[in-house]
$ cat final-v3.txt   # compact mmCIF, C-alpha atoms and all ligand atoms
# COMPACT_ATOMS: atom_id res chain seq x y z
CA MET A 1 -40.44 7.92 9.84
CA PRO A 2 -37.03 6.84 8.58
CA ILE A 3 -38.00 3.23 7.78
CA GLY A 4 -40.04 2.86 4.61
CA HIS A 5 -42.44 0.05 5.35
CA ALA A 6 -42.62 -0.05 9.11
CA GLU A 7 -46.01 -1.04 10.48
CA ALA A 8 -47.39 -0.40 13.93
CA VAL A 9 -45.67 -2.84 16.29
CA ASN A 10 -45.94 -3.10 20.05
CA PRO A 11 -43.01 -0.95 21.34
CA ASP A 12 -42.31 -3.46 24.15
CA ILE A 13 -41.61 -6.21 21.64
CA ILE A 14 -39.28 -3.88 19.77
CA MET A 15 -37.43 -3.12 23.03
CA ILE A 16 -37.04 -6.82 23.89
CA THR A 17 -35.84 -7.61 20.38
CA CYS A 18 -33.39 -4.71 20.51
CA LYS A 19 -32.04 -5.81 23.88
CA ARG A 20 -31.58 -9.35 22.64
CA LEU A 21 -29.89 -8.17 19.52
CA PHE A 22 -27.64 -5.89 21.55
CA PHE A 23 -26.75 -8.74 23.90
CA LEU A 24 -26.03 -11.15 21.04
CA THR A 25 -23.97 -8.56 19.18
CA ALA A 26 -22.00 -7.79 22.34
CA ILE A 27 -21.18 -11.49 22.81
CA LEU A 28 -20.19 -11.85 19.17
CA LEU A 29 -18.00 -8.74 19.30
CA LEU A 30 -16.36 -9.81 22.54
CA SER A 31 -15.59 -13.31 21.30
CA ALA A 32 -14.24 -11.87 18.04
CA ASN A 33 -11.98 -9.57 20.04
CA PHE A 34 -10.72 -12.36 22.25
CA ALA A 35 -10.13 -14.56 19.24
CA SER A 36 -8.17 -11.88 17.42
CA ALA A 37 -6.13 -10.97 20.51
CA GLU A 38 -5.22 -14.62 21.02
CA ASN A 39 -4.36 -15.16 17.39
CA LYS A 40 -2.21 -12.10 17.07
CA ASN A 41 1.50 -12.62 16.52
CA LYS A 42 4.26 -11.23 18.71
CA ILE A 43 6.77 -11.97 15.94
CA LEU A 44 6.78 -13.74 12.57
CA ALA A 45 9.36 -16.30 13.60
CA GLY A 46 11.48 -18.46 11.33
CA LYS A 47 12.30 -18.50 7.66
CA PRO A 48 9.24 -18.23 5.43
CA GLU A 49 8.84 -21.30 3.19
CA LYS A 50 7.94 -19.18 0.18
CA PRO A 51 7.81 -15.48 -0.64
CA ARG A 52 5.00 -13.80 1.30
CA PHE A 53 4.08 -11.61 -1.71
CA THR A 54 5.48 -10.44 -5.02
CA VAL A 55 7.84 -7.48 -4.85
CA LYS A 56 6.83 -4.92 -7.44
CA ASP A 57 8.19 -1.58 -8.56
CA ILE A 58 6.73 1.57 -7.04
CA GLU A 59 3.02 1.41 -7.87
CA TRP A 60 0.89 4.24 -9.26
CA PRO A 61 -2.72 3.05 -9.26
CA GLU A 62 -4.86 4.45 -12.07
CA LYS A 63 -8.34 4.62 -10.63
CA PHE A 64 -9.65 7.18 -8.15
CA GLY A 65 -9.89 5.49 -4.73
CA ASP A 66 -7.39 2.71 -5.50
CA ALA A 67 -5.09 2.19 -2.53
CA SER A 68 -2.16 0.00 -1.53
CA VAL A 69 0.22 -0.42 1.39
CA CYS A 70 3.69 0.83 0.42
CA LEU A 71 6.49 -1.71 0.65
CA TRP A 72 8.43 0.72 2.86
CA LYS A 73 7.71 3.92 4.75
CA ASP A 74 7.03 6.98 2.60
CA ASP A 75 7.05 4.74 -0.49
CA ALA A 76 10.83 4.40 -0.38
CA ILE A 77 12.49 1.96 -2.76
CA ALA A 78 14.43 0.20 -0.02
CA ALA A 79 15.04 0.24 3.74
CA PHE A 80 18.31 0.79 5.59
CA SER A 81 19.33 0.42 9.22
CA LEU A 82 22.65 1.11 10.87
CA THR A 83 23.44 -0.83 14.03
CA ILE A 84 26.35 -0.90 16.46
CA ASP A 85 27.44 -3.83 18.62
CA ASP A 86 29.48 -4.27 21.78
CA ASN A 87 28.78 -0.87 23.41
CA CYS A 88 31.77 1.05 21.96
CA ALA A 89 31.21 4.13 24.13
CA PRO A 90 34.27 6.04 22.81
CA ASP A 91 32.37 6.40 19.52
CA HIS A 92 29.04 7.59 20.93
CA GLU A 93 29.60 11.33 20.48
CA TRP A 94 30.92 10.87 16.98
CA TRP A 95 27.96 8.66 15.99
CA LEU A 96 25.52 11.16 17.48
CA GLU A 97 26.97 13.93 15.34
CA THR A 98 27.23 11.69 12.27
CA GLY A 99 23.65 10.40 12.45
CA LYS A 100 22.38 13.94 12.84
CA LYS A 101 24.52 15.31 10.04
CA TYR A 102 23.57 12.67 7.45
CA GLY A 103 19.99 12.05 8.59
CA PHE A 104 19.92 8.45 9.84
CA PRO A 105 19.00 7.06 13.25
CA ILE A 106 21.19 4.42 14.91
CA THR A 107 20.48 1.26 16.90
CA TRP A 108 22.92 0.23 19.60
CA PHE A 109 22.93 -3.42 20.63
CA VAL A 110 24.46 -3.42 24.08
CA ILE A 111 26.04 -6.04 26.34
CA THR A 112 24.16 -5.13 29.48
CA ASP A 113 26.31 -6.71 32.21
CA ARG A 114 29.21 -4.50 31.19
CA ILE A 115 27.37 -1.18 31.50
CA SER A 116 28.17 1.00 34.49
CA GLY A 117 31.20 -1.09 35.29
CA THR A 118 34.66 0.38 35.64
CA ASN A 119 35.56 0.16 31.96
CA SER A 120 34.67 3.36 30.13
CA PHE A 121 34.47 1.43 26.84
CA ASN A 122 31.02 0.13 27.78
CA GLY A 123 29.21 3.34 28.57
CA THR A 124 26.70 4.28 31.23
CA TRP A 125 22.91 4.06 31.39
CA GLU A 126 22.78 7.88 31.39
CA GLY A 127 24.83 7.82 28.21
CA TYR A 128 22.46 5.38 26.51
CA LYS A 129 19.47 7.43 27.59
CA LYS A 130 21.06 10.42 25.88
CA LEU A 131 21.36 8.41 22.64
CA ILE A 132 17.69 7.41 22.86
CA ASP A 133 16.59 10.98 23.59
CA ALA A 134 18.30 12.03 20.36
CA GLY A 135 16.07 9.64 18.34
CA ASN A 136 18.18 6.50 18.41
CA ASP A 137 17.44 3.09 19.90
CA VAL A 138 19.05 0.69 22.36
CA GLY A 139 18.43 -3.04 22.04
CA SER A 140 20.04 -6.11 23.53
CA HIS A 141 23.26 -7.86 22.60
CA THR A 142 22.62 -10.19 25.60
CA ALA A 143 23.91 -9.83 29.16
CA MET A 144 27.28 -11.61 28.84
CA HIS A 145 27.92 -12.04 25.10
CA LEU A 146 28.15 -15.83 25.38
CA HIS A 147 31.10 -15.73 27.80
CA ILE A 148 29.93 -18.93 29.45
CA ASP A 149 33.10 -19.34 31.50
CA GLU A 150 32.66 -16.07 33.35
CA PRO A 151 30.91 -15.98 36.73
CA GLY A 152 27.19 -15.38 36.52
CA TRP A 153 26.48 -17.37 33.34
CA LYS A 154 23.24 -19.35 33.57
CA ASP A 155 21.73 -20.17 30.19
CA ILE A 156 20.74 -18.55 26.92
CA GLU A 157 17.17 -17.80 27.98
CA THR A 158 18.44 -15.90 31.03
CA GLU A 159 20.76 -13.98 28.71
CA TYR A 160 17.87 -12.83 26.52
CA ALA A 161 15.44 -12.19 29.37
CA ASP A 162 17.79 -10.47 31.83
CA SER A 163 19.39 -8.14 29.30
CA LYS A 164 15.95 -6.93 28.20
CA LYS A 165 14.90 -6.42 31.81
CA ASP A 166 18.13 -4.63 32.63
CA ILE A 167 17.72 -2.14 29.77
CA GLU A 168 14.09 -1.45 30.61
CA GLU A 169 14.75 -1.02 34.34
CA ASN A 170 17.68 1.31 33.80
CA ILE A 171 16.18 3.47 31.06
CA LYS A 172 12.74 4.46 32.28
CA GLY A 173 9.99 4.34 29.69
CA HIS A 174 12.20 2.59 27.14
CA LYS A 175 11.41 -0.83 25.67
CA ALA A 176 14.11 -3.15 24.35
CA PHE A 177 12.23 -4.67 21.42
CA VAL A 178 15.16 -6.04 19.44
CA LEU A 179 18.19 -8.28 19.89
CA ALA A 180 21.43 -8.91 18.04
CA PHE A 181 22.79 -12.42 18.50
CA PRO A 182 26.42 -12.36 19.67
CA GLY A 183 29.05 -14.04 17.54
CA GLY A 184 32.21 -15.81 18.64
CA PRO A 185 33.09 -19.40 19.48
CA ASN A 186 29.83 -20.08 21.37
CA THR A 187 27.53 -18.73 18.71
CA LYS A 188 25.76 -22.07 18.39
CA LEU A 189 24.12 -21.37 21.77
CA ASN A 190 21.98 -18.66 20.14
CA ASP A 191 18.41 -19.82 19.87
CA GLN A 192 15.87 -18.14 17.59
CA GLU A 193 12.89 -19.84 19.20
CA ILE A 194 13.79 -18.69 22.69
CA ALA A 195 14.67 -15.19 21.48
CA ALA A 196 11.23 -14.98 19.83
CA LYS A 197 9.66 -15.10 23.30
CA TYR A 198 11.24 -11.75 24.19
CA TYR A 199 11.90 -9.76 21.01
CA ILE A 200 10.10 -8.63 17.84
CA GLY A 201 13.24 -8.74 15.70
CA CYS A 202 16.61 -10.49 16.00
CA ARG A 203 19.69 -9.64 14.00
CA ALA A 204 21.99 -12.43 12.89
CA GLY A 205 25.26 -12.51 11.00
CA SER A 206 24.48 -13.54 7.39
CA ALA A 207 26.02 -10.85 5.23
CA ALA A 208 23.27 -10.18 2.70
CA ILE A 209 20.39 -7.81 2.00
CA ASN A 210 17.06 -9.08 3.37
CA PRO A 211 14.68 -9.75 0.46
CA ALA A 212 11.56 -7.70 1.30
CA ASN A 213 9.16 -10.61 0.90
CA MET A 214 11.27 -13.26 2.66
CA ILE A 215 12.40 -11.65 5.91
CA ASN A 216 13.16 -14.03 8.73
CA TYR A 217 12.44 -11.77 11.70
CA THR A 218 14.24 -14.10 14.11
CA SER A 219 17.38 -14.07 11.94
CA ILE A 220 17.66 -10.77 10.12
CA ASN A 221 20.69 -10.52 7.84
CA SER A 222 23.26 -7.80 8.44
CA ILE A 223 26.32 -6.66 6.55
CA GLY A 224 29.51 -5.50 8.26
CA ALA A 225 29.93 -2.42 6.08
CA ILE A 226 28.18 -0.04 3.71
CA ASN A 227 29.12 -1.30 0.26
CA ILE A 228 28.38 0.98 -2.65
CA GLY A 229 29.33 0.04 -6.19
CA ASN A 230 30.95 -3.23 -5.17
CA ALA A 231 30.43 -5.59 -8.09
CA GLN A 232 32.06 -8.45 -6.24
CA PHE A 233 29.43 -8.70 -3.54
CA GLU A 234 26.12 -7.93 -5.19
CA SER A 235 24.02 -9.23 -2.35
CA GLN A 236 25.87 -6.88 0.00
CA ASP A 237 25.72 -3.74 -2.11
CA LEU A 238 23.35 -0.92 -1.28
CA LEU A 239 22.91 -0.19 -5.00
CA THR A 240 21.46 -3.68 -5.45
CA ALA A 241 18.62 -2.75 -3.11
CA LEU A 242 18.02 0.56 -4.88
CA GLU A 243 18.52 -0.11 -8.58
CA LYS A 244 16.38 -2.48 -10.55
CA GLY A 245 18.12 -5.00 -12.72
CA ARG A 246 21.48 -4.54 -11.05
CA ALA A 247 21.47 -7.81 -9.20
CA LYS A 248 21.76 -11.15 -10.86
CA ARG A 249 19.73 -12.32 -7.93
CA ALA A 250 16.80 -9.95 -8.25
CA GLN A 251 15.32 -10.78 -4.85
CA PHE A 252 17.55 -8.16 -3.21
CA TYR A 253 16.05 -5.27 -5.17
CA ARG A 254 13.86 -3.22 -2.77
CA GLY A 255 15.18 -5.19 0.21
CA TRP A 256 16.23 -4.20 3.72
CA TYR A 257 19.92 -3.34 3.93
CA CYS A 258 20.99 -3.69 7.55
CA CYS A 259 24.60 -3.03 8.48
CA HIS A 260 26.56 -3.26 11.72
CA PHE A 261 29.66 -1.63 13.11
CA HIS A 262 31.98 -2.13 16.04
CA LEU A 263 34.56 0.43 17.13
CA VAL A 264 35.37 2.87 14.31
CA LYS A 265 38.96 4.00 14.63
CA PRO A 266 39.45 7.74 14.06
CA GLU A 267 41.43 7.10 10.88
CA LEU A 268 38.50 5.08 9.45
CA ARG A 269 35.94 7.76 10.16
CA GLU A 270 37.21 9.81 7.26
CA GLU A 271 36.69 6.90 4.86
CA LEU A 272 33.06 6.61 5.85
CA SER A 273 32.13 10.13 4.81
CA LYS A 274 31.68 9.07 1.18
CA PRO A 275 29.12 6.31 1.83
CA PHE A 276 27.41 8.56 4.36
CA GLU A 277 27.05 11.30 1.76
CA PHE A 278 25.52 8.80 -0.64
CA LEU A 279 23.12 7.69 2.09
CA ALA A 280 22.15 11.26 2.93
CA ALA A 281 21.26 12.00 -0.70
CA LYS A 282 19.11 8.86 -1.00
CA ILE A 283 17.38 9.60 2.30
CA LYS A 284 16.66 13.17 1.24
CA SER A 285 15.14 12.08 -2.06
CA ASP A 286 12.92 9.55 -0.22
CA GLU A 287 14.44 6.69 -2.21
CA LEU A 288 15.82 5.15 0.96
CA TRP A 289 14.08 4.79 4.29
CA ALA A 290 16.76 4.96 6.96
CA GLY A 291 14.97 3.73 10.06
CA LEU A 292 15.61 2.27 13.46
CA PHE A 293 16.08 -1.49 13.29
CA ARG A 294 12.99 -1.95 15.47
CA ASP A 295 10.83 0.31 13.31
CA ILE A 296 11.77 -1.52 10.12
CA ALA A 297 11.11 -4.89 11.82
CA MET A 298 7.74 -3.57 12.99
CA TYR A 299 6.79 -2.08 9.63
CA GLY A 300 7.77 -5.29 7.85
CA GLN A 301 5.66 -7.57 10.03
CA GLU A 302 2.64 -5.30 9.95
CA ARG A 303 2.93 -5.01 6.18
CA ASP A 304 3.48 -8.76 5.73
CA THR A 305 0.16 -9.46 7.46
CA ALA A 306 -1.77 -6.34 6.42
CA LYS A 307 -5.22 -6.30 4.93
CA LEU A 308 -6.28 -3.02 3.36
CA THR A 309 -9.91 -2.47 2.40
CA VAL A 310 -11.34 0.50 0.52
CA LYS A 311 -14.77 0.77 2.11
CA GLU A 312 -16.17 3.80 0.37
CA VAL A 313 -15.28 6.01 -2.56
CA ALA A 314 -17.43 9.15 -2.87
CA LYS A 315 -17.03 12.44 -4.71
CA ASP A 316 -15.38 14.16 -1.76
CA LYS A 317 -14.02 11.31 0.37
CA ILE A 318 -12.45 7.86 0.52
CA VAL A 319 -12.83 5.55 3.52
CA LEU A 320 -10.22 2.86 4.19
CA SER A 321 -9.63 0.25 6.82
CA LEU A 322 -6.26 -1.31 7.60
CA ASN A 323 -5.78 -4.40 9.76
CA ASP A 324 -2.89 -6.69 10.48
CA GLU A 325 -2.19 -9.91 12.37
CA MET A 326 0.37 -8.50 14.79
CA ASP A 327 -0.07 -7.85 18.52
CA ASP A 328 -1.51 -4.34 18.80
CA SER A 329 0.03 -3.71 22.22
CA ILE A 330 3.45 -3.62 20.53
CA PHE A 331 2.95 -3.20 16.78
CA ASN A 332 1.70 0.37 16.42
CA TYR A 333 4.08 1.75 13.80
CA PRO A 334 2.21 3.51 10.98
CA LEU A 335 2.24 1.91 7.55
CA THR A 336 2.31 4.22 4.54
CA VAL A 337 -0.83 3.81 2.45
CA LYS A 338 -0.87 5.26 -1.05
CA VAL A 339 -4.24 6.39 -2.41
CA ARG A 340 -5.12 7.71 -5.84
CA LEU A 341 -7.06 10.93 -5.46
CA GLU A 342 -9.77 12.56 -7.54
CA PRO A 343 -7.98 14.72 -10.18
CA SER A 344 -9.76 17.92 -9.11
CA TRP A 345 -8.60 17.67 -5.47
CA LYS A 346 -6.03 20.33 -4.78
CA SER A 347 -5.54 19.25 -1.18
CA ALA A 348 -6.44 16.31 1.00
CA GLU A 349 -6.42 15.44 4.66
CA ALA A 350 -6.86 12.19 6.52
CA MET A 351 -8.45 11.35 9.86
CA GLN A 352 -8.13 8.11 11.81
CA ASP A 353 -9.84 7.44 15.12
CA SER A 354 -10.99 11.10 15.04
CA LYS A 355 -7.39 12.32 14.90
CA LYS A 356 -5.65 13.95 11.99
CA VAL A 357 -2.91 11.73 10.56
CA LYS A 358 0.04 12.60 8.34
CA CYS A 359 -1.04 12.89 4.73
CA ARG A 360 1.38 14.06 2.02
CA LEU A 361 0.40 14.75 -1.57
CA VAL A 362 2.57 13.47 -4.40
CA THR A 363 2.03 13.51 -8.14
CA ASN A 364 3.07 11.12 -10.87
CA ASN A 365 2.34 11.22 -14.56
CA GLY A 366 -0.54 13.68 -14.10
CA GLY A 367 -2.12 11.75 -11.23
CA ASN A 368 -2.57 12.96 -7.65
CA TYR A 369 -1.77 10.64 -4.78
CA ALA A 370 -1.75 10.83 -1.01
CA LEU A 371 0.78 9.04 1.19
CA ILE A 372 -1.02 8.48 4.46
CA GLN A 373 0.47 7.21 7.74
CA VAL A 374 -1.96 4.62 9.07
CA VAL A 375 -1.63 2.52 12.24
CA PRO A 376 -3.32 -0.86 11.69
CA ASP A 377 -6.34 -1.82 13.81
CA ILE A 378 -7.16 1.53 15.39
CA GLY A 379 -10.09 2.51 13.21
CA ASP A 380 -11.14 3.54 9.72
CA VAL A 381 -9.32 6.27 7.85
CA THR A 382 -11.31 8.96 6.08
CA VAL A 383 -9.53 10.90 3.36
CA THR A 384 -11.29 14.08 2.33
CA GLY A 385 -10.36 16.22 -0.61
CA LYS A 386 -11.03 19.73 -1.80
ZN ZN B 1 29.21 -8.65 19.69

$ encode --input "final-v3.txt" --output "structure tokens"
Amino acid sequence: MPIGHAEAVNPDIIMITCKRLFFLTAILLLSANFASAENKNKILAGKPEKPRFTVKDIEWPEKFGDASVCLWKDDAIAAFSLTIDDNCAPDHEWWLETGKKYGFPITWFVITDRISGTNSFNGTWEGYKKLIDAGNDVGSHTAMHLHIDEPGWKDIETEYADSKKDIEENIKGHKAFVLAFPGGPNTKLNDQEIAAKYYIGCRAGSAAINPANMINYTSINSIGAINIGNAQFESQDLLTALEKGRAKRAQFYRGWYCCHFHLVKPELREELSKPFEFLAAKIKSDELWAGLFRDIAMYGQERDTAKLTVKEVAKDKIVLSLNDEMDDSIFNYPLTVKVRLEPSWKSAEAMQDSKKVKCRLVTNNGGNYALIQVVPDIGDVTVTGK
């Protein structure tokens, strides 16, 4: 008898009570699910009124079982994305080689109406598929780039909606999650609220690093170069994101450095090798997370709304749960969770939803830690150690 003080009760009454309880629980669970699905965000739109959290240095919790969500993937200091506008097909091969050589993925924001036309500058759908297959991404730079005088122009909503549809119809299995607002004389037609209906992240033109705790996901800042060691433009310098105390305006430390390029003339390619070598070293040392624009936008919004709970700490295991407030049908990028392990554990593994998930051991100041890749809202994570 598993229950301590159970007395003899008519089994029929128990059955009825159980059925009722089951029914009530089912209703409660269903309504909770509906409520959470309805309340879940498709994007965190607009500029936050105040910082969403305090940006700290890399954390090393002291107590066994203590856990936190890392600011960026793999506990990197800062995030970096490289994006390219206006199709620029003559550069595709060079970018493919360059991204592979230095270890960063690339996001192309394409003007969709121009693809598969007669002008070889704009590329072909097959060409863009090849870029995606190599680990890069293709998002929207609208259908017509705000050329409102050209035939076919309707309105800004059509521009955002049709370009997304065009990409997804022409590249099977691919989703265009992100948008870069076009510049030029009609730039005032861009509309963050309308774009938020179609995209999870929109890139704008303000040349600054995105402070990690103040990201406006419908107007993500981007810099037209990779500045390194440029004292004149602190808010546009990659070192400001990576080195504490460098910036007078400290909010850029540990931020998201997004940059954008157009056509890179062959004579300029040579000049870029120095910043690329710097990037490669920082990526290799895990100080910099070089990610796709969409992945960083996804990580940021999951992290900004994440709730991490340590449910159990036992001698041989730790159980965690991670939830967020983002739409689970889109936002399924793993967040890196750092957990302090028991000092005697020589190895650890992590399971989520009965599947093994990536779990890497790191040490700091005599302490053992695991960096675990956890997708929010798909079930508890059990970390076991030996
Ligand atoms: Zn453009």

$ residues_near_ligand --input "final-v3.txt" --ligand "ligand ZN 1 (chain B)" --cutoff "12 Å" --atoms "only C-alpha atoms and all ligand atoms" --output "PyMOL selection string"
chain A and resi 83-88+108-112+140-147+179-187+203-205+224+260-263

$ residues_around --input "final-v3.txt" --residues "Lys129 (chain A)" --least-positions-apart "2" --cutoff "10 Å" --atoms "all atoms listed in the file" --output "ChimeraX atom specification"
/A:124-127,131-134,136-138,167,170-172,174

$ axis_aligned_box --input "final-v3.txt" --around "region 258-266 of chain A" --padding-each-side "3 Å" --output "lines of an AutoDock Vina configuration file"
center_x = 30.2
center_y = 2.0
center_z = 12.3
size_x = 24.5
size_y = 17.4
size_z = 15.6

$ closest_residue --input "final-v3.txt" --among "A:Phe80, A:Leu371, A:Cys202, A:Val362" --to "Asp237 (chain A)" --atoms "only C-alpha atoms"
A:Phe80

$ residues_around --input "final-v3.txt" --residues "Phe233 (chain A)" --least-positions-apart "5" --cutoff "12 Å" --atoms "all atoms listed in the file" --output "mmCIF file with C-alpha atoms, in the frame of the given file"
data_model
loop_
_atom_site.group_PDB
_atom_site.id
_atom_site.type_symbol
_atom_site.label_atom_id
_atom_site.label_comp_id
_atom_site.auth_asym_id
_atom_site.auth_seq_id
_atom_site.Cartn_x
_atom_site.Cartn_y
_atom_site.Cartn_z
ATOM 1 C CA ALA A 207 26.020 -10.850 5.230
ATOM 2 C CA ALA A 208 23.270 -10.180 2.700
ATOM 3 C CA ILE A 209 20.390 -7.810 2.000
ATOM 4 C CA ILE A 223 26.320 -6.660 6.550
ATOM 5 C CA ALA A 225 29.930 -2.420 6.080
ATOM 6 C CA ILE A 226 28.180 -0.040 3.710
ATOM 7 C CA ASN A 227 29.120 -1.300 0.260
ATOM 8 C CA ILE A 228 28.380 0.980 -2.650
ATOM 9 C CA LEU A 238 23.350 -0.920 -1.280
ATOM 10 C CA LEU A 239 22.910 -0.190 -5.000
ATOM 11 C CA THR A 240 21.460 -3.680 -5.450
ATOM 12 C CA ARG A 246 21.480 -4.540 -11.050
ATOM 13 C CA ALA A 247 21.470 -7.810 -9.200
ATOM 14 C CA LYS A 248 21.760 -11.150 -10.860
ATOM 15 C CA ARG A 249 19.730 -12.320 -7.930
ATOM 16 C CA PHE A 252 17.550 -8.160 -3.210
#

$ closest_atom_pairs --input "final-v3.txt" --of "region 245-264 of chain A" --to "region 69-72 of chain A" --cutoff "10 Å" --atoms "all atoms listed in the file" --output "Markdown table"
| residue | atom | partner | partner_atom | distance |
| --- | --- | --- | --- | --- |
| A:Arg254 | CA | A:Leu71 | CA | 8.3 |
| A:Gly255 | CA | A:Trp72 | CA | 9.4 |
| A:Trp256 | CA | A:Trp72 | CA | 9.3 |
